[in-house]
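Coordinates as given in run-v5.cif (mmCIF, C-alpha atoms (C1' of nucleotides)):
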```
data_input
#
loop_
_atom_site.label_atom_id
_atom_site.label_comp_id
_atom_site.auth_asym_id
_atom_site.auth_seq_id
_atom_site.Cartn_x
_atom_site.Cartn_y
_atom_site.Cartn_z
CA MET B 1 184.25 90.97 157.68
CA LYS B 2 181.27 92.79 159.04
CA LYS B 3 181.66 96.53 158.74
CA GLU B 4 180.50 97.11 162.32
CA LYS B 5 179.82 100.81 162.39
CA THR B 6 181.50 102.34 165.36
CA ILE B 7 180.13 104.99 167.66
CA SER B 8 182.25 108.10 167.60
CA GLU B 9 183.26 110.09 170.61
CA SER B 10 180.61 112.75 170.21
CA GLU B 11 178.00 110.19 169.40
CA TRP B 12 178.92 108.38 172.57
CA VAL B 13 177.86 111.43 174.56
CA VAL B 14 174.46 111.26 172.96
CA MET B 15 174.23 107.57 173.71
CA GLU B 16 175.06 108.21 177.34
CA TYR B 17 172.13 110.54 177.54
CA LEU B 18 169.82 108.11 175.83
CA TRP B 19 170.89 105.28 178.09
CA GLU B 20 169.87 107.41 181.01
CA ASN B 21 166.75 108.66 179.27
CA PRO B 22 165.44 106.14 176.82
CA LEU B 23 162.64 107.44 174.67
CA ALA B 24 163.72 111.02 174.99
CA THR B 25 162.46 113.57 172.51
CA ILE B 26 164.83 115.79 170.60
CA THR B 27 163.86 118.76 172.61
CA GLU B 28 164.94 116.89 175.69
CA ILE B 29 168.16 115.76 174.12
CA ARG B 30 168.88 119.27 172.92
CA LYS B 31 168.19 120.81 176.30
CA ALA B 32 170.47 118.35 177.99
CA LEU B 33 173.31 118.37 175.51
CA SER B 34 173.51 121.96 174.45
CA ALA B 35 175.55 122.42 177.60
CA ASN B 36 178.35 120.70 175.71
CA GLY B 37 178.54 123.73 173.51
CA TRP B 38 176.90 121.98 170.61
CA SER B 39 174.52 123.79 168.37
CA ASP B 40 171.08 122.56 167.66
CA SER B 41 172.12 121.28 164.26
CA THR B 42 175.04 119.41 165.60
CA ILE B 43 172.91 117.49 168.02
CA LYS B 44 170.39 116.67 165.34
CA THR B 45 173.19 115.42 163.13
CA LEU B 46 174.59 113.22 165.85
CA VAL B 47 171.23 111.68 166.53
CA ARG B 48 170.61 111.15 162.85
CA ARG B 49 173.93 109.41 162.43
CA LEU B 50 173.24 107.16 165.38
CA VAL B 51 169.95 106.22 163.81
CA SER B 52 171.60 105.40 160.52
CA LYS B 53 174.18 103.36 162.35
CA LYS B 54 171.34 101.44 163.92
CA ALA B 55 172.51 102.35 167.38
CA VAL B 56 169.31 104.26 168.04
CA ALA B 57 165.75 103.66 166.94
CA ILE B 58 162.97 106.10 166.32
CA ASN B 59 159.67 105.59 168.08
CA ASP B 60 157.20 107.52 166.03
CA GLU B 61 154.08 107.00 168.04
CA GLU B 62 152.70 110.45 167.49
CA PRO B 63 152.87 113.24 167.96
CA VAL B 64 156.59 113.51 168.68
CA PHE B 65 159.38 111.19 167.75
CA ARG B 66 161.18 109.56 170.60
CA TYR B 67 164.66 108.15 170.37
CA LYS B 68 165.65 104.93 171.96
CA PRO B 69 169.03 103.21 172.15
CA LEU B 70 169.21 99.87 170.40
CA LEU B 71 172.49 98.88 171.95
CA SER B 72 172.98 98.60 175.68
CA LYS B 73 175.60 100.58 177.47
CA ASN B 74 177.16 97.38 178.58
CA GLU B 75 177.51 95.83 175.18
CA CYS B 76 178.93 99.03 173.81
CA ARG B 77 181.36 99.27 176.65
CA LEU B 78 182.51 95.74 176.17
CA LYS B 79 183.02 96.22 172.50
CA GLU B 80 184.99 99.39 173.01
CA THR B 81 186.97 97.76 175.72
CA LYS B 82 187.92 94.85 173.55
CA ASN B 83 188.97 97.10 170.73
CA PHE B 84 190.96 99.21 173.06
CA LEU B 85 192.64 96.27 174.74
CA ASN B 86 193.63 94.73 171.46
CA ARG B 87 194.84 97.93 169.99
CA VAL B 88 196.83 99.23 172.90
CA TYR B 89 197.62 96.27 175.13
CA ASN B 90 197.69 93.44 172.71
CA GLY B 91 194.55 92.11 174.27
CA SER B 92 196.19 91.67 177.62
CA VAL B 93 194.09 92.66 180.61
CA SER B 94 196.94 92.10 182.99
CA MET B 95 199.19 94.48 181.12
CA LEU B 96 196.49 97.09 181.24
CA VAL B 97 195.92 96.70 184.93
CA THR B 98 199.61 96.59 185.69
CA ASN B 99 199.96 99.82 183.86
CA LEU B 100 197.13 101.38 185.80
CA ALA B 101 198.53 100.09 189.04
CA SER B 102 201.96 101.46 188.36
CA GLU B 103 200.44 104.86 187.76
CA SER B 104 198.90 104.80 191.19
CA ASN B 105 200.54 103.96 194.47
CA LEU B 106 199.92 100.36 195.23
CA ASN B 107 202.80 98.78 197.09
CA GLU B 108 204.38 95.61 195.81
CA LYS B 109 202.26 93.30 197.86
CA GLU B 110 199.06 94.91 196.66
CA THR B 111 200.18 94.88 193.09
CA ALA B 112 201.04 91.22 193.37
CA GLU B 113 197.61 90.46 194.79
CA LEU B 114 196.02 92.41 192.04
CA LEU B 115 197.90 90.50 189.42
CA SER B 116 197.08 87.15 190.88
CA LEU B 117 193.43 88.07 190.76
CA ILE B 118 193.73 89.26 187.24
CA GLU B 119 195.35 86.00 186.34
CA LYS B 120 192.38 84.17 187.79
CA MET B 121 190.30 86.08 185.34
CA GLY B 122 191.92 83.90 182.77
CA LYS B 123 191.67 86.65 180.27
CA ASP B 124 195.42 87.08 180.24
CA MET R 1 193.89 123.74 174.44
CA LYS R 2 196.83 121.93 172.86
CA LYS R 3 195.89 120.15 169.70
CA GLU R 4 197.65 116.95 170.76
CA LYS R 5 197.78 114.99 167.55
CA THR R 6 196.58 111.48 168.14
CA ILE R 7 198.06 108.30 166.77
CA SER R 8 195.62 106.45 164.62
CA GLU R 9 195.02 102.75 164.70
CA SER R 10 197.18 101.96 161.69
CA GLU R 11 199.87 104.30 162.83
CA TRP R 12 199.88 102.52 166.15
CA VAL R 13 200.97 99.35 164.39
CA VAL R 14 203.94 101.18 162.97
CA MET R 15 204.79 102.56 166.38
CA GLU R 16 204.70 99.08 167.87
CA TYR R 17 207.27 98.01 165.37
CA LEU R 18 209.45 101.04 166.03
CA TRP R 19 209.26 100.53 169.76
CA GLU R 20 210.61 97.06 169.25
CA ASN R 21 213.09 98.22 166.65
CA PRO R 22 214.13 101.76 167.21
CA LEU R 23 216.24 103.21 164.44
CA ALA R 24 214.80 100.90 161.84
CA THR R 25 215.17 101.76 158.18
CA ILE R 26 212.21 101.89 155.90
CA THR R 27 213.22 98.74 154.21
CA GLU R 28 213.06 97.03 157.55
CA ILE R 29 209.75 98.57 158.39
CA ARG R 30 208.38 97.63 155.02
CA LYS R 31 209.57 94.06 155.29
CA ALA R 32 208.03 93.67 158.70
CA LEU R 33 204.74 95.39 158.06
CA SER R 34 203.86 94.33 154.56
CA ALA R 35 202.51 91.21 156.23
CA ASN R 36 199.61 93.37 157.34
CA GLY R 37 198.57 93.56 153.74
CA TRP R 38 199.74 97.10 153.37
CA SER R 39 201.35 98.29 150.21
CA ASP R 40 204.66 99.97 150.12
CA SER R 41 203.07 103.36 149.69
CA THR R 42 200.77 102.89 152.58
CA ILE R 43 203.60 102.16 154.93
CA LYS R 44 205.53 105.14 153.70
CA THR R 45 202.51 107.33 154.25
CA LEU R 46 202.01 106.06 157.78
CA VAL R 47 205.61 106.72 158.67
CA ARG R 48 205.47 110.14 157.12
CA ARG R 49 202.39 111.03 159.09
CA LEU R 50 203.98 109.87 162.30
CA VAL R 51 206.94 112.07 161.57
CA SER R 52 204.75 115.07 160.94
CA LYS R 53 202.90 114.33 164.15
CA LYS R 54 206.24 114.39 165.93
CA ALA R 55 205.72 110.87 167.16
CA VAL R 56 208.72 109.65 165.20
CA ALA R 57 212.00 111.33 164.37
CA ILE R 58 214.28 110.87 161.42
CA ASN R 59 217.91 110.09 162.03
CA ASP R 60 219.62 111.07 158.86
CA GLU R 61 223.12 110.05 159.61
CA GLU R 62 223.89 108.81 156.17
CA PRO R 63 223.51 106.90 154.15
CA VAL R 64 220.03 105.70 155.06
CA PHE R 65 217.43 107.40 157.14
CA ARG R 66 216.48 105.67 160.31
CA TYR R 67 213.24 106.20 162.13
CA LYS R 68 213.06 106.48 165.85
CA PRO R 69 210.01 106.84 168.10
CA LEU R 70 209.88 110.08 170.03
CA LEU R 71 207.16 108.92 172.36
CA SER R 72 207.54 105.92 174.58
CA LYS R 73 205.15 103.04 174.42
CA ASN R 74 204.31 103.65 178.01
CA GLU R 75 203.39 107.25 177.66
CA CYS R 76 201.31 106.51 174.59
CA ARG R 77 199.56 103.71 176.37
CA LEU R 78 198.79 105.88 179.34
CA LYS R 79 197.43 108.61 177.17
CA GLU R 80 195.25 106.22 175.23
CA THR R 81 194.13 104.61 178.43
CA LYS R 82 193.08 107.89 179.93
CA ASN R 83 191.16 108.86 176.86
CA PHE R 84 189.48 105.53 176.74
CA LEU R 85 188.63 105.54 180.42
CA ASN R 86 187.12 108.98 180.25
CA ARG R 87 185.22 108.30 177.11
CA VAL R 88 183.79 104.93 177.98
CA TYR R 89 183.89 104.59 181.74
CA ASN R 90 183.64 108.15 182.86
CA GLY R 91 187.19 107.97 184.04
CA SER R 92 186.43 105.24 186.52
CA VAL R 93 189.01 102.50 186.75
CA SER R 94 186.87 100.48 189.08
CA MET R 95 183.99 100.45 186.65
CA LEU R 96 186.29 99.25 183.94
CA VAL R 97 187.74 96.48 186.04
CA THR R 98 184.34 95.47 187.36
CA ASN R 99 183.21 95.16 183.81
CA LEU R 100 186.20 93.07 182.88
CA ALA R 101 185.74 90.92 185.95
CA SER R 102 182.10 90.29 185.21
CA GLU R 103 183.05 89.13 181.75
CA SER R 104 185.33 86.52 183.22
CA ASN R 105 184.61 84.11 186.00
CA LEU R 106 185.79 85.55 189.23
CA ASN R 107 183.62 84.57 192.15
CA GLU R 108 182.14 87.18 194.44
CA LYS R 109 184.92 87.05 196.97
CA GLU R 110 187.55 87.49 194.32
CA THR R 111 185.70 90.30 192.70
CA ALA R 112 185.37 92.03 196.05
CA GLU R 113 189.09 91.68 196.67
CA LEU R 114 189.81 93.04 193.26
CA LEU R 115 187.64 96.02 193.87
CA SER R 116 189.14 96.81 197.22
CA LEU R 117 192.53 96.83 195.59
CA ILE R 118 191.31 99.00 192.82
CA GLU R 119 189.92 101.38 195.36
CA LYS R 120 193.32 101.61 196.98
CA MET R 121 194.55 102.78 193.63
CA GLY R 122 192.56 105.88 194.31
CA LYS R 123 192.31 106.53 190.62
CA ASP R 124 188.60 106.17 190.45
"C1'" DA N 1 144.53 133.84 159.38
"C1'" DT N 2 149.41 134.92 159.95
"C1'" DT N 3 153.61 134.42 162.11
"C1'" DT N 4 156.86 132.12 164.81
"C1'" DT N 5 159.08 128.01 166.11
"C1'" DG N 6 160.69 123.78 166.57
"C1'" DA N 7 161.21 118.91 164.28
"C1'" DG N 8 162.91 116.64 160.77
"C1'" DT N 9 165.77 116.62 156.25
"C1'" DT N 10 169.37 118.11 153.03
"C1'" DT N 11 173.62 120.04 152.15
"C1'" DA N 12 178.28 121.68 153.54
"C1'" DC N 13 182.87 121.68 154.59
"C1'" DA N 14 187.41 120.99 156.77
"C1'" DA N 15 190.32 117.69 159.20
"C1'" DG N 16 191.73 113.05 159.88
"C1'" DT N 17 192.22 108.16 158.21
"C1'" DG N 18 192.93 104.16 155.29
"C1'" DT N 19 194.82 103.18 151.30
"C1'" DA N 20 197.73 103.85 147.47
"C1'" DA N 21 199.60 105.52 142.76
"C1'" DA N 22 202.85 108.61 140.56
"C1'" DC N 23 206.85 111.16 140.38
"C1'" DT N 24 211.82 112.35 141.66
"C1'" DT N 25 216.19 111.60 143.09
"C1'" DT N 26 220.15 108.88 144.01
"C1'" DG N 27 223.37 105.20 145.33
"C1'" DG N 28 224.78 100.75 143.68
"C1'" DG N 29 225.27 97.37 140.01
"C1'" DT N 30 227.02 96.25 135.25
"C1'" DA C 1 228.75 106.35 132.09
"C1'" DC C 2 224.02 104.46 132.38
"C1'" DC C 3 220.00 102.15 134.37
"C1'" DC C 4 217.30 100.41 138.02
"C1'" DA C 5 215.41 99.73 142.34
"C1'" DA C 6 214.52 101.64 146.49
"C1'" DA C 7 213.99 106.04 149.44
"C1'" DG C 8 211.74 109.86 149.80
"C1'" DT C 9 207.96 113.34 148.15
"C1'" DT C 10 203.58 114.76 146.03
"C1'" DT C 11 199.06 113.92 144.90
"C1'" DA C 12 194.72 111.30 145.23
"C1'" DC C 13 190.44 109.85 146.76
"C1'" DA C 14 186.68 107.97 149.50
"C1'" DC C 15 184.89 107.69 154.13
"C1'" DT C 16 184.30 109.26 158.89
"C1'" DT C 17 183.92 112.83 162.25
"C1'" DG C 18 183.07 117.38 164.22
"C1'" DT C 19 180.49 121.02 163.42
"C1'" DA C 20 176.76 123.51 161.57
"C1'" DA C 21 173.70 126.30 158.20
"C1'" DA C 22 169.66 126.12 155.27
"C1'" DC C 23 165.36 124.53 153.97
"C1'" DT C 24 160.61 122.43 154.62
"C1'" DC C 25 156.60 121.54 157.21
"C1'" DA C 26 153.32 121.39 160.61
"C1'" DA C 27 151.80 122.87 165.11
"C1'" DA C 28 151.41 126.51 168.42
"C1'" DA C 29 150.95 131.25 169.58
"C1'" DT C 30 148.93 135.71 168.74
#
```
Could you render the structure as structure tokens?
Amino acid sequence: MKKEKTISESEWVVMEYLWENPLATITEIRKALSANGWSDSTIKTLVRRLVSKKAVAINDEEPVFRYKPLLSKNECRLKETKNFLNRVYNGSVSMLVTNLASESNLNEKETAELLSLIEKMGKD
Amino acid sequence: MKKEKTISESEWVVMEYLWENPLATITEIRKALSANGWSDSTIKTLVRRLVSKKAVAINDEEPVFRYKPLLSKNECRLKETKNFLNRVYNGSVSMLVTNLASESNLNEKETAELLSLIEKMGKD
DNA sequence: ATTTTGAGTTTACAAGTGTAAACTTTGGGT
DNA sequence: ACCCAAAGTTTACACTTGTAAACTCAAAAT
């Protein structure tokens, strides 16, 4: 029953930046993210919330604070992916991929190959 | 700039039921979903919200109301999938699948095949 | 020294969600 | 004809999210 704080959509954008630039200062974060149309305050709030969610740590080795992700992009992606798969595809990778494939233009043979590979993944 | 109401996680569970049982009555919905530990009221609220989001329609051909999904499972899945892909994988199907593959036990050859297929999907 | 400025903190506020009680109406049972 | 349970409606309330202003300090600029 762990409460597992989740990273919201906007917060995710901040994380993306921090994954690319660990130990960034706020000024840096602000510069980079204000392009998203966010105000100064908004960015500060997002960072603060990430810190309180323990997704980001503060490195206060003077004189400026630097922010560092505590969760790797990969682990976050996997977690999101699992949630998503369970929620939308009943946990079934093959259903997901089938759906993606049908949206594109694979022919039957290719789709079949794809599915057989997916099956090998053993993840359903 | 359409507001595009989204279907929340709990609401999704109701939709799943309605996709399987279109034109269900509330009693039916209640019976089926109370297993999730939801109270009567909760289920009614979820259905009501889905109606106001125009995801579900009411069929009031007496004597009981029947609820019918207005959005297909497939279109909802695709929409969710797109959101998810953009949010977490920058819209890249191949990154998603690579990630899934690395979590399972495909060997290099298989992974390569998988990727070439994914590339053919051109959705990356 | 005095002012400006940016970093960090506190407070705000509406919309959406999870969860549900309370109230109202009405068809079916007795 | 009268009551009850279930359907439908209103109200509630805390938490999260998106978005941001306001306030406090200390450092930098003049």
**Item:** Long-range neighbours of segment 9-26 of chain C as a PyMOL selection string, 10 Å cut-off, all atoms listed in the file, 4 positions minimum in chain
**Value:** (chain B and resi 6+8-11+38-43+45-46) or (chain R and resi 48) or (chain N and resi 6-25)
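If you measure from each of R:Ile29, R:Val97, R:Ala55, R:Val13 to Ala112 of chain R using all atoms listed in the file, the closest one turns out to be R:Val97.
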**Prompt:** If we count all atoms listed in the file, what is near Glu80 of chain R at a cut-off of 10 Å, once residues fewer than 5 positions away on the same chain are taken out, given as a ChimeraX atom specification?
**Reply:** /B:84,87-88 /R:6-7,74-75,85-86
**Request:** Hey, list the chain R side of the contact with chain C: 9 Å cut-off, all atoms listed in the file, answer as a PyMOL selection string.
**Result:** chain R and resi 26-27+44+64-65
Store the residues picked out above, limited to C-alpha atoms, as a compact mmCIF listing (two decimals), in the frame of the given file.
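And here's selection20.txt as it stands now:
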```
# COMPACT_ATOMS: atom_id res chain seq x y z
CA ILE R 26 212.21 101.89 155.90
CA THR R 27 213.22 98.74 154.21
CA LYS R 44 205.53 105.14 153.70
CA VAL R 64 220.03 105.70 155.06
CA PHE R 65 217.43 107.40 157.14
```
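Remark: for Lys73 of chain R, the closest of the candidate residues B:Tyr89, B:Leu23, B:Tyr17, B:Asn36 is B:Tyr89 (distances computed over all atoms listed in the file).
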**Message:** I need the chain R residues near chain B as a PyMOL selection string; criterion: at most 7 Å, counting all atoms listed in the file.
**Reply:** chain R and resi 77+88+101+104-106+110+114+117+120-121+123
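Least-squares fitting of chain B to chain R, using all C-alpha atoms matched in order, gives an RMSD of 0.2 Å.
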**Asked** Could you state the separation of atom CA of Leu18 of chain R and atom CA of Ala35 of chain R in Å, given to one decimal place?
**Response** 15.5 Å
**Item:** Residue nearest Ser72 of chain B among B:Asn90, B:Glu20, B:Lys5, B:Ser34 (counting only C-alpha atoms)
**Value:** B:Glu20
**Message:** For a test of reading the model, state the distance in Å between atom CA of Ala57 of chain R and atom CA of Trp19 of chain R, rounded to one decimal.
**Reply:**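 Computing the Euclidean distance for atom CA of Ala57 of chain R and atom CA of Trp19 of chain R yields 12.4 Å.
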**Prompt:** What is the atom CA of Ser94 of chain B-atom CA of Lys109 of chain R distance in Å, reported with one decimal?
**Reply:**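 A separation of 19.1 Å between them.
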**Request:** Starting from the displayed file, determine the output of the PyMOL selection byres ((chain R and resi 56) around 7) and express the residue list as an NGL selection string.
**Result:** :R and (50-51 or 54-55 or 57-58 or 67-70)
Taking only C-alpha atoms (C1' of nucleotides), show chain C of the given structure as a tab-separated table (two decimals), in the first residue's frame.
```
chain	number	residue	atom	x	y	z
C	1	DA	C1'	-53.44	3.91	-0.62
C	2	DC	C1'	-48.86	3.68	1.62
C	3	DC	C1'	-43.98	2.52	2.24
C	4	DC	C1'	-39.57	1.18	0.71
C	5	DA	C1'	-35.75	0.43	-2.05
C	6	DA	C1'	-33.43	1.78	-5.84
C	7	DA	C1'	-32.53	5.54	-9.51
C	8	DG	C1'	-31.27	9.77	-10.07
C	9	DT	C1'	-29.59	14.53	-8.19
C	10	DT	C1'	-27.16	17.66	-5.02
C	11	DT	C1'	-23.67	18.58	-1.96
C	12	DA	C1'	-19.25	17.53	0.31
C	13	DC	C1'	-14.56	17.34	1.17
C	14	DA	C1'	-9.64	16.37	0.89
C	15	DC	C1'	-5.85	15.90	-2.29
C	16	DT	C1'	-3.42	16.74	-6.64
C	17	DT	C1'	-2.27	19.60	-10.46
C	18	DG	C1'	-1.59	23.77	-13.21
C	19	DT	C1'	-0.56	28.14	-12.59
C	20	DA	C1'	1.20	32.00	-10.24
C	21	DA	C1'	1.60	36.18	-6.94
C	22	DA	C1'	3.69	37.85	-2.73
C	23	DC	C1'	7.07	38.03	0.62
C	24	DT	C1'	11.89	37.55	2.62
C	25	DC	C1'	16.73	37.61	2.27
C	26	DA	C1'	21.18	37.98	0.72
C	27	DA	C1'	24.29	39.07	-3.00
C	28	DA	C1'	25.41	42.01	-6.81
C	29	DA	C1'	25.34	46.36	-9.06
C	30	DT	C1'	25.69	51.31	-8.88
```
